[in-house]
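K.L.:
One structure, pasted below without further comment.
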Amino acid sequence: MTATGVRLRRAGEQFAVAKPLVAIDSASKVYGTNRGLAPLSLAINAGERVALVGPSGSGKTTLLRLLAGALVPDQGPRSVIINGKSPGELKPGRELASLVGIVSQRFDLVPHLPVLHNVLAGRLGHWSLARSVLSLVWPMERRAAQQALARVGIADKINERPGRLSGGEQQRVAIARMMMQSPLVILADEPVASLDPARAEEVMELLVGLVSLDMGHGNGDDGSSQRTLIASLHTASLIRRHFTRVIGLRESRVQFDLPAGELDDAVLDELYDLGDDNGDVEPLAGLAARDG
Amino acid sequence: MSLRRLQTWLTGPRLLTLGIVFALAWSLSRVDWQQPIGHTGGGAAALQVLLALFPPELSPEFLRICVVSSWHTLAYAVAGMSLAVALGLPLGVLASGVLAQSADGSGARRWTLMASVRFLLAAMRSVHELVWALLFVAAVGLSPMAAILAMAIPYAGILGRIYAEQLQDVPAEPVAALRTTGASSAHVLLYGYIPMALPDLLSYTFYRLECGIRAAAIMSFVGIDGIGFQIELSLADLLFRQVWTLLIFLVALVVAVDWWSSRVRRSMAY
Ligand SMILES: Nc1ncnc2c1ncn2[C@@H]1O[C@H](COP(=O)(O)OP(=O)(O)O)[C@@H](O)[C@H]1O
Ligand SMILES: [Mg+2]
């Protein structure tokens with residue numbers, strides 16, 4: 001191989017490093033007079049599992065909603081790019097559905113539709129309007145919905161109304177809906193906030209499972225490769241166990257950006273300002289109680 | 001109370017309340033309280049009407065007339081309401097603005113559309129069904145279709161307005177969640193807005209159907225058959241026992257719709 005070839009390959013490698021899957025280029029968001037997020041830049045590669053930590057009001061939800069295309073950054077939609085596309089710019093439909101999906105802080109199911117249709121709602125971005133209308137009467141892709149519910153462990157609730165499920169079960173329905181949507185980037189806003197430790201561990205395993213799961217809806221390019229997970233949560237042990245990277249936000253700024261393994265309780269305590277005067281507060285319980 | 005305090009106390013809603021109270025007091029003061037309410041000999045006539053209730057007319061031939069005319073009234077009401085829903089639902093959806101929502105919020109085009117549909121709805125409902133009936137009779141002559149259209153137009157105006165509000169009152173989070181699945185506005189309408197508003201939409205539609213029965217009953221003067229027409233005939237002949245029977249049928253019809261509506265709503269409880 002010639003020297004030029006080597007150099008070219010090096011350049012190619014550098015290019016691969018320089019072109020992350022998710023690129024946020026000094027995006028900020030102001031709500032009226034409230035600052036939601038100060039200009040923030042971030043690069044996340046395919047296959048990373050990123051935990052967002054930070055006290056309540058630090059901008060985690062805002063950041064996730066910007067990534068989901070549910071909010072548009074003040075600098076315009078192009079300051080958030082996922083896989084070369086801007087979620088805020090994409091029209092509703094298959095492309096957006098396959099790009100990014102979010103499990104929100106509140107579980108956001110439609111209480112009046114049975115679990116089956118809430119799960120099938122994950123397909124709406126992929127379905128034509130006629131198909132969606134028909135599916136209300138005669139559910140399409142019922143098998144896939146059944147499998148998704150079985151995977152999250154509530155196959156028996158398929159005909160139940162969400163209002164009759166526990167918070168944890170509703171969370172699982174939202175995750176099953178995400179499986180049906182099958183996006184490249186999976187966002188989760190405090191997915192374990194209201195769960196007991198055992199339930200939290202299970203839900204984390206499910207979410208991490210989604211990253212490597214072939215959800216196989218024949219969506220071509222997105223069905224096969226590693227997915228990327230970005231989730232906000234407060235529990236150091238869960239972060240160390242399930243994530244590859246942890247980003248600390250404080251007053252809508254990045255305070256630290258570490259490999260998840262290097263996250264220790266002292267770093268978290270400082271982020272949440274528990275270090276000095278509140279030294280005795282048990283970190284995890286305190287943190288969990290802080291966020292609503 | 002100092003003038004300054006009075007000024008801060010007299011905010012918009014309080015001012016409006018005071019205005020209404022004054023208007024009411026003034027209108028009461030204009031009533032001539034000396035005039036007897038009924039005409040002379042009214043007491044005897046009222047007694048005669050009341051006594052006709054014991055018993056009302058229950059002969060088989062007349063009951064057959066009652067059943068048929070109730071059926072006609074119900075049929076007109078249902079036809080008018082169906083048309084009103086068919087018009088009012090799409091207009092209500094347009095007036096609510098839920099189809100035009102995006103992550104960016106509202107644009108001028110969305111506002112213009114909402115405002116013009118709202119104006120149309122207001123125009124439709126500001127004319128009473130009887131006035132619409134007169135207009136249609138003048139235009140197309142006495143016909144059942146005139147009565148149905150006369151009812152459908154103002155009712156669509158009312159339904160559209162209320163539907164729009166009920167759609168707007170749907171909780172925002174599930175709707176936002178649906179949008180993040182890549183669902184279009186039409187999808188979100190079908191899987192979010194409509195299912196969540198459905199109990200309210202149905203409940204109000206049933207209530208309007210009750211009103212529609214009343215309206216259909218008094219449409220007799222544009223020439224449609226029904227309870228109202230029969231009441232008119234019986235009144236003309238001073239057959240008060242028949243009038244009572246017909247009124248009982250009318251009440252039964254409304255009560256039946258109410259019962260049906262509460263059954264439907266109960267079956268939809270979640
Ligand atoms: N819809 C909104 N309107 C006004 N201010 C908001 C809104 N949403 C969030 N904020 C503000 O933006 C900041 C960041 O909020 P958020 O992203 O929800 O933080 P977190 O999820 O970390 O608790 C907070 O100060 C919050 O008050
Ligand atoms: Mg939040």
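In the structure tokens, each chain is lettered A, B, ... as it comes, each chain's residues begin at 1, and ligands are numbered from 1 in order of appearance.
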Residues within 6 Å of ligand 1, counting only C-alpha atoms and all ligand atoms: report them as a ChimeraX atom specification.

P.N.:
/A:31,34-36,56-62

K.L.:
Which residues are near stretch 228-232 of chain B? Cut-off 8 Å, only C-alpha atoms, ignore same chain within fewer than 3 positions. Put them as a PyMOL selection string.

P.N.:
chain B and resi 69+216-221+223-225+235-236+242-243+246

K.L.:
If the cut-off is 9 Å, can you tell me the residues of chain A near chain B, counting only C-alpha atoms? I'd like them as a short mmCIF file (atom, residue, chain, number, x, y, z; two decimals) with all heavy atoms, in the first residue's frame.

P.N.:
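So iface_34.cif came out as:
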data_model
loop_
_atom_site.label_atom_id
_atom_site.label_comp_id
_atom_site.auth_asym_id
_atom_site.auth_seq_id
_atom_site.Cartn_x
_atom_site.Cartn_y
_atom_site.Cartn_z
N ALA A 68 -35.70 14.58 19.81
CA ALA A 68 -36.85 13.86 19.25
C ALA A 68 -37.55 14.67 18.17
O ALA A 68 -38.46 14.17 17.52
CB ALA A 68 -37.84 13.52 20.36
N GLY A 69 -37.17 15.92 17.99
CA GLY A 69 -37.85 16.75 17.01
C GLY A 69 -39.16 17.32 17.53
O GLY A 69 -39.91 17.94 16.79
N ALA A 70 -39.44 17.08 18.83
CA ALA A 70 -40.68 17.61 19.41
C ALA A 70 -40.54 19.09 19.72
O ALA A 70 -41.53 19.81 19.85
CB ALA A 70 -41.04 16.84 20.68
N LEU A 71 -39.29 19.55 19.86
CA LEU A 71 -39.00 20.97 20.01
C LEU A 71 -37.98 21.34 18.94
O LEU A 71 -37.17 20.50 18.54
CB LEU A 71 -38.36 21.26 21.37
CG LEU A 71 -39.22 21.28 22.62
CD1 LEU A 71 -38.33 21.49 23.84
CD2 LEU A 71 -40.25 22.38 22.53
N VAL A 72 -38.03 22.57 18.49
CA VAL A 72 -37.05 23.02 17.51
C VAL A 72 -36.10 23.99 18.21
O VAL A 72 -36.55 24.90 18.91
CB VAL A 72 -37.75 23.72 16.31
CG1 VAL A 72 -36.72 24.28 15.35
CG2 VAL A 72 -38.65 22.73 15.59
N GLY A 88 -36.24 17.87 13.47
CA GLY A 88 -37.21 18.96 13.51
C GLY A 88 -37.66 19.39 12.13
O GLY A 88 -38.65 20.11 12.00
N LYS A 91 -40.72 15.78 7.74
CA LYS A 91 -42.17 15.68 7.77
C LYS A 91 -42.55 14.43 8.55
O LYS A 91 -41.75 13.51 8.64
CB LYS A 91 -42.69 15.55 6.33
CG LYS A 91 -42.55 16.80 5.50
CD LYS A 91 -43.92 17.42 5.28
CE LYS A 91 -43.85 18.78 4.65
NZ LYS A 91 -42.97 19.72 5.38
N PRO A 92 -43.76 14.42 9.14
CA PRO A 92 -44.19 13.19 9.78
C PRO A 92 -44.13 12.04 8.77
O PRO A 92 -44.36 12.27 7.59
CB PRO A 92 -45.64 13.48 10.17
CG PRO A 92 -45.75 14.95 10.21
CD PRO A 92 -44.76 15.48 9.21
N GLY A 93 -43.82 10.87 9.26
CA GLY A 93 -43.78 9.73 8.35
C GLY A 93 -42.67 8.77 8.67
O GLY A 93 -42.00 8.89 9.70
N ARG A 94 -42.47 7.83 7.75
CA ARG A 94 -41.57 6.73 7.96
C ARG A 94 -40.15 7.16 8.32
O ARG A 94 -39.51 6.61 9.20
CB ARG A 94 -41.55 5.88 6.69
CG ARG A 94 -40.76 4.61 6.75
CD ARG A 94 -40.83 3.93 5.40
NE ARG A 94 -42.21 3.55 5.09
CZ ARG A 94 -42.68 2.32 5.30
NH1 ARG A 94 -41.90 1.39 5.78
NH2 ARG A 94 -43.93 2.03 4.99
N GLU A 95 -39.66 8.20 7.62
CA GLU A 95 -38.27 8.60 7.81
C GLU A 95 -38.04 9.08 9.25
O GLU A 95 -37.09 8.68 9.91
CB GLU A 95 -37.92 9.70 6.82
CG GLU A 95 -36.46 9.74 6.47
CD GLU A 95 -36.13 10.83 5.46
OE1 GLU A 95 -37.06 11.55 5.01
OE2 GLU A 95 -34.96 10.97 5.13
N LEU A 96 -38.96 9.91 9.72
CA LEU A 96 -38.85 10.41 11.09
C LEU A 96 -39.04 9.28 12.09
O LEU A 96 -38.30 9.16 13.07
CB LEU A 96 -39.90 11.51 11.32
CG LEU A 96 -39.93 12.15 12.70
CD1 LEU A 96 -38.60 12.79 13.03
CD2 LEU A 96 -41.05 13.19 12.80
N ALA A 97 -40.04 8.43 11.84
CA ALA A 97 -40.31 7.32 12.75
C ALA A 97 -39.10 6.41 12.88
O ALA A 97 -38.79 5.93 13.96
CB ALA A 97 -41.52 6.53 12.26
N SER A 98 -38.40 6.16 11.77
CA SER A 98 -37.25 5.26 11.81
C SER A 98 -36.02 5.92 12.38
O SER A 98 -35.05 5.25 12.70
CB SER A 98 -36.90 4.76 10.40
OG SER A 98 -38.05 4.43 9.71
N VAL A 100 -35.81 8.47 15.08
CA VAL A 100 -35.70 8.72 16.51
C VAL A 100 -37.07 8.56 17.18
O VAL A 100 -38.10 8.90 16.60
CB VAL A 100 -35.12 10.14 16.77
CG1 VAL A 100 -35.96 11.21 16.13
CG2 VAL A 100 -34.94 10.42 18.25
N GLY A 101 -37.05 8.00 18.39
CA GLY A 101 -38.28 7.84 19.15
C GLY A 101 -38.01 8.11 20.61
O GLY A 101 -36.87 8.04 21.07
N ILE A 102 -39.06 8.46 21.35
CA ILE A 102 -38.85 8.82 22.75
C ILE A 102 -39.90 8.17 23.64
O ILE A 102 -41.07 8.08 23.27
CB ILE A 102 -38.85 10.37 22.92
CG1 ILE A 102 -38.54 10.77 24.36
CG2 ILE A 102 -40.16 10.98 22.46
CD1 ILE A 102 -38.25 12.26 24.53
N VAL A 103 -39.44 7.67 24.77
CA VAL A 103 -40.35 7.26 25.85
C VAL A 103 -40.31 8.39 26.86
O VAL A 103 -39.27 8.69 27.41
CB VAL A 103 -39.90 5.94 26.51
CG1 VAL A 103 -40.83 5.58 27.65
CG2 VAL A 103 -39.84 4.82 25.50
N SER A 104 -41.44 9.04 27.05
CA SER A 104 -41.43 10.28 27.81
C SER A 104 -41.53 10.05 29.31
O SER A 104 -41.81 8.96 29.77
CB SER A 104 -42.56 11.20 27.34
OG SER A 104 -42.23 11.67 26.07
N ARG A 106 -43.70 11.24 31.54
CA ARG A 106 -44.99 10.66 31.82
C ARG A 106 -45.30 9.75 30.67
O ARG A 106 -44.85 9.98 29.56
CB ARG A 106 -46.04 11.75 32.00
CG ARG A 106 -46.08 12.21 33.43
CD ARG A 106 -46.86 13.47 33.58
NE ARG A 106 -46.18 14.56 32.89
CZ ARG A 106 -46.72 15.76 32.76
NH1 ARG A 106 -47.92 15.99 33.22
NH2 ARG A 106 -46.06 16.72 32.16
N PHE A 107 -46.06 8.71 30.93
CA PHE A 107 -46.00 7.62 29.97
C PHE A 107 -46.78 7.91 28.71
O PHE A 107 -46.58 7.30 27.69
CB PHE A 107 -46.39 6.32 30.64
CG PHE A 107 -45.66 6.13 31.93
CD1 PHE A 107 -46.32 5.81 33.08
CD2 PHE A 107 -44.29 6.35 32.00
CE1 PHE A 107 -45.65 5.67 34.28
CE2 PHE A 107 -43.61 6.21 33.20
CZ PHE A 107 -44.28 5.87 34.34
N ASP A 108 -47.70 8.87 28.80
CA ASP A 108 -48.24 9.43 27.56
C ASP A 108 -48.99 8.44 26.70
O ASP A 108 -48.95 8.53 25.48
CB ASP A 108 -47.12 10.05 26.73
CG ASP A 108 -46.46 11.18 27.46
OD1 ASP A 108 -47.01 11.60 28.49
OD2 ASP A 108 -45.41 11.64 27.02
N LEU A 109 -49.66 7.49 27.32
CA LEU A 109 -50.51 6.61 26.53
C LEU A 109 -51.86 7.29 26.34
O LEU A 109 -52.21 8.20 27.07
CB LEU A 109 -50.69 5.27 27.25
CG LEU A 109 -49.38 4.57 27.58
CD1 LEU A 109 -49.64 3.33 28.41
CD2 LEU A 109 -48.62 4.22 26.31
N VAL A 110 -52.60 6.83 25.33
CA VAL A 110 -53.96 7.33 25.15
C VAL A 110 -54.88 6.47 26.01
O VAL A 110 -55.05 5.29 25.74
CB VAL A 110 -54.37 7.25 23.67
CG1 VAL A 110 -55.81 7.69 23.48
CG2 VAL A 110 -53.44 8.12 22.83
N PRO A 111 -55.44 7.05 27.08
CA PRO A 111 -56.15 6.22 28.06
C PRO A 111 -57.39 5.55 27.50
O PRO A 111 -57.84 4.56 28.03
CB PRO A 111 -56.55 7.21 29.17
CG PRO A 111 -56.02 8.54 28.77
CD PRO A 111 -55.47 8.48 27.40
N HIS A 112 -57.93 6.11 26.41
CA HIS A 112 -59.21 5.62 25.90
C HIS A 112 -59.06 4.49 24.91
O HIS A 112 -60.04 3.90 24.51
CB HIS A 112 -59.98 6.77 25.24
CG HIS A 112 -60.16 7.94 26.14
ND1 HIS A 112 -59.10 8.73 26.51
CD2 HIS A 112 -61.23 8.42 26.77
CE1 HIS A 112 -59.53 9.67 27.33
NE2 HIS A 112 -60.82 9.51 27.50
N LEU A 113 -57.82 4.22 24.49
CA LEU A 113 -57.61 3.12 23.55
C LEU A 113 -57.00 1.94 24.30
O LEU A 113 -56.20 2.12 25.21
CB LEU A 113 -56.66 3.55 22.43
CG LEU A 113 -57.18 4.55 21.41
CD1 LEU A 113 -56.09 4.89 20.41
CD2 LEU A 113 -58.40 4.01 20.69
N HIS A 117 -53.89 -0.98 20.78
CA HIS A 117 -53.81 0.15 19.86
C HIS A 117 -52.75 1.15 20.28
O HIS A 117 -52.16 1.82 19.44
CB HIS A 117 -55.18 0.83 19.74
CG HIS A 117 -56.14 0.04 18.90
ND1 HIS A 117 -57.08 -0.80 19.44
CD2 HIS A 117 -56.25 -0.08 17.57
CE1 HIS A 117 -57.74 -1.39 18.47
NE2 HIS A 117 -57.27 -0.97 17.32
N ASN A 118 -52.52 1.25 21.59
CA ASN A 118 -51.43 2.12 22.03
C ASN A 118 -50.09 1.59 21.53
O ASN A 118 -49.20 2.37 21.18
CB ASN A 118 -51.43 2.23 23.55
CG ASN A 118 -52.28 3.38 24.05
OD1 ASN A 118 -51.89 4.53 23.91
ND2 ASN A 118 -53.45 3.06 24.58
N ALA A 121 -49.79 2.17 17.83
CA ALA A 121 -49.54 3.58 17.51
C ALA A 121 -48.08 3.81 17.14
O ALA A 121 -47.76 4.76 16.42
CB ALA A 121 -49.95 4.47 18.68
N GLY A 122 -47.19 2.94 17.60
CA GLY A 122 -45.79 3.02 17.19
C GLY A 122 -45.60 2.86 15.70
O GLY A 122 -44.57 3.24 15.14
N ARG A 123 -46.58 2.29 15.02
CA ARG A 123 -46.49 2.07 13.58
C ARG A 123 -47.05 3.22 12.77
O ARG A 123 -46.97 3.21 11.54
CB ARG A 123 -47.23 0.78 13.17
CG ARG A 123 -46.72 -0.48 13.82
CD ARG A 123 -45.27 -0.76 13.52
NE ARG A 123 -45.01 -1.10 12.12
CZ ARG A 123 -43.83 -0.96 11.53
NH1 ARG A 123 -42.82 -0.48 12.22
NH2 ARG A 123 -43.67 -1.29 10.28
N LEU A 124 -47.69 4.20 13.44
CA LEU A 124 -48.41 5.24 12.69
C LEU A 124 -47.52 5.96 11.69
O LEU A 124 -47.95 6.29 10.59
CB LEU A 124 -49.04 6.26 13.66
CG LEU A 124 -50.23 5.74 14.46
CD1 LEU A 124 -50.75 6.80 15.41
CD2 LEU A 124 -51.33 5.26 13.54
N GLY A 125 -46.26 6.20 12.09
CA GLY A 125 -45.34 6.87 11.18
C GLY A 125 -45.06 6.05 9.94
O GLY A 125 -44.67 6.58 8.91
N HIS A 126 -45.26 4.73 10.05
CA HIS A 126 -44.96 3.85 8.92
C HIS A 126 -46.21 3.57 8.09
O HIS A 126 -46.13 3.10 6.98
CB HIS A 126 -44.41 2.51 9.43
CG HIS A 126 -43.16 2.64 10.25
ND1 HIS A 126 -41.90 2.51 9.73
CD2 HIS A 126 -42.98 2.92 11.57
CE1 HIS A 126 -40.99 2.67 10.68
NE2 HIS A 126 -41.63 2.94 11.81
N TRP A 127 -47.38 3.83 8.68
CA TRP A 127 -48.63 3.44 8.03
C TRP A 127 -49.25 4.57 7.22
O TRP A 127 -49.15 5.74 7.59
CB TRP A 127 -49.66 3.03 9.08
CG TRP A 127 -49.46 1.66 9.64
CD1 TRP A 127 -48.57 0.71 9.21
CD2 TRP A 127 -50.16 1.10 10.75
NE1 TRP A 127 -48.69 -0.40 9.99
CE2 TRP A 127 -49.64 -0.21 10.94
CE3 TRP A 127 -51.17 1.55 11.60
CZ2 TRP A 127 -50.11 -1.05 11.94
CZ3 TRP A 127 -51.63 0.72 12.59
CH2 TRP A 127 -51.11 -0.56 12.75
N SER A 128 -49.95 4.19 6.17
CA SER A 128 -50.78 5.15 5.45
C SER A 128 -52.00 5.46 6.32
O SER A 128 -52.33 4.72 7.25
CB SER A 128 -51.24 4.56 4.12
OG SER A 128 -52.19 3.54 4.37
N LEU A 129 -52.68 6.54 5.96
CA LEU A 129 -53.85 6.93 6.74
C LEU A 129 -54.94 5.85 6.64
O LEU A 129 -55.57 5.49 7.63
CB LEU A 129 -54.37 8.27 6.23
CG LEU A 129 -55.32 8.99 7.18
CD1 LEU A 129 -54.67 9.22 8.53
CD2 LEU A 129 -55.76 10.32 6.58
N SER A 132 -54.23 3.05 8.87
CA SER A 132 -54.43 3.41 10.28
C SER A 132 -55.91 3.39 10.64
O SER A 132 -56.28 2.95 11.72
CB SER A 132 -53.86 4.80 10.55
OG SER A 132 -52.55 4.89 10.09
N VAL A 133 -56.75 3.89 9.73
CA VAL A 133 -58.19 3.88 9.99
C VAL A 133 -58.67 2.44 10.10
O VAL A 133 -59.36 2.07 11.05
CB VAL A 133 -58.96 4.60 8.86
CG1 VAL A 133 -60.45 4.47 9.07
CG2 VAL A 133 -58.56 6.05 8.79
N LEU A 136 -57.93 0.62 13.33
CA LEU A 136 -58.73 0.92 14.53
C LEU A 136 -59.84 -0.11 14.68
O LEU A 136 -60.26 -0.46 15.78
CB LEU A 136 -59.33 2.32 14.44
CG LEU A 136 -58.42 3.48 14.83
CD1 LEU A 136 -59.10 4.80 14.54
CD2 LEU A 136 -58.05 3.39 16.31
N ARG A 161 -57.37 -1.41 29.28
CA ARG A 161 -57.19 0.03 29.09
C ARG A 161 -55.98 0.47 29.92
O ARG A 161 -55.82 0.00 31.06
CB ARG A 161 -58.42 0.81 29.59
CG ARG A 161 -59.70 0.45 28.89
CD ARG A 161 -59.78 1.10 27.54
NE ARG A 161 -60.92 0.61 26.80
CZ ARG A 161 -61.85 1.39 26.25
NH1 ARG A 161 -61.76 2.69 26.36
NH2 ARG A 161 -62.85 0.86 25.57
N PRO A 162 -55.16 1.38 29.39
CA PRO A 162 -53.95 1.80 30.13
C PRO A 162 -54.25 2.28 31.53
O PRO A 162 -53.45 2.08 32.45
CB PRO A 162 -53.40 2.93 29.28
CG PRO A 162 -53.91 2.67 27.92
CD PRO A 162 -55.25 2.01 28.08
N GLY A 163 -55.42 2.92 31.72
CA GLY A 163 -55.75 3.44 33.04
C GLY A 163 -55.83 2.38 34.11
O GLY A 163 -55.74 2.68 35.30
N ARG A 164 -55.98 1.13 33.69
CA ARG A 164 -56.11 0.07 34.69
C ARG A 164 -54.79 -0.64 34.93
O ARG A 164 -54.75 -1.65 35.61
CB ARG A 164 -57.19 -0.92 34.23
CG ARG A 164 -58.53 -0.20 34.04
CD ARG A 164 -59.58 -1.09 33.46
NE ARG A 164 -59.95 -2.14 34.40
CZ ARG A 164 -60.94 -2.99 34.15
NH1 ARG A 164 -61.60 -2.91 33.02
NH2 ARG A 164 -61.23 -3.92 35.02
N ARG A 177 -44.44 0.14 22.45
CA ARG A 177 -44.76 1.05 21.34
C ARG A 177 -43.47 1.48 20.63
O ARG A 177 -43.42 1.55 19.41
CB ARG A 177 -45.51 2.28 21.89
CG ARG A 177 -45.86 3.30 20.82
CD ARG A 177 -46.75 4.39 21.37
NE ARG A 177 -46.06 5.22 22.35
CZ ARG A 177 -46.66 6.15 23.09
NH1 ARG A 177 -47.97 6.35 22.97
NH2 ARG A 177 -45.97 6.87 23.94
N MET A 178 -42.44 1.73 21.44
CA MET A 178 -41.14 2.09 20.89
C MET A 178 -40.57 0.95 20.03
O MET A 178 -39.97 1.17 18.97
CB MET A 178 -40.20 2.42 22.04
CG MET A 178 -38.77 2.61 21.66
SD MET A 178 -38.52 4.16 20.83
CE MET A 178 -38.40 5.24 22.25
N GLN A 181 -42.16 1.09 16.78
CA GLN A 181 -41.66 2.22 15.98
C GLN A 181 -40.28 1.90 15.42
O GLN A 181 -39.98 2.25 14.29
CB GLN A 181 -41.61 3.49 16.84
CG GLN A 181 -41.19 4.73 16.06
CD GLN A 181 -41.05 5.94 16.94
OE1 GLN A 181 -41.55 5.98 18.07
NE2 GLN A 181 -40.37 6.95 16.43
N PRO A 183 -36.95 2.87 16.07
CA PRO A 183 -36.09 3.95 15.58
C PRO A 183 -34.61 3.65 15.79
O PRO A 183 -34.25 2.78 16.58
CB PRO A 183 -36.52 5.14 16.44
CG PRO A 183 -36.90 4.52 17.74
CD PRO A 183 -37.43 3.15 17.45
#

K.L.:
Distance atom CA of B:Ala77-atom CA of B:Asp200, one decimal place?

P.N.:
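Between these atoms lies a distance of 20.4 Å.
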
K.L.:
What is the distance between atom CA of B:His72 and atom CA of B:His128, in Å to one decimal?

P.N.:
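Computed distance, atom CA of B:His72 to atom CA of B:His128, equals 21.4 Å.
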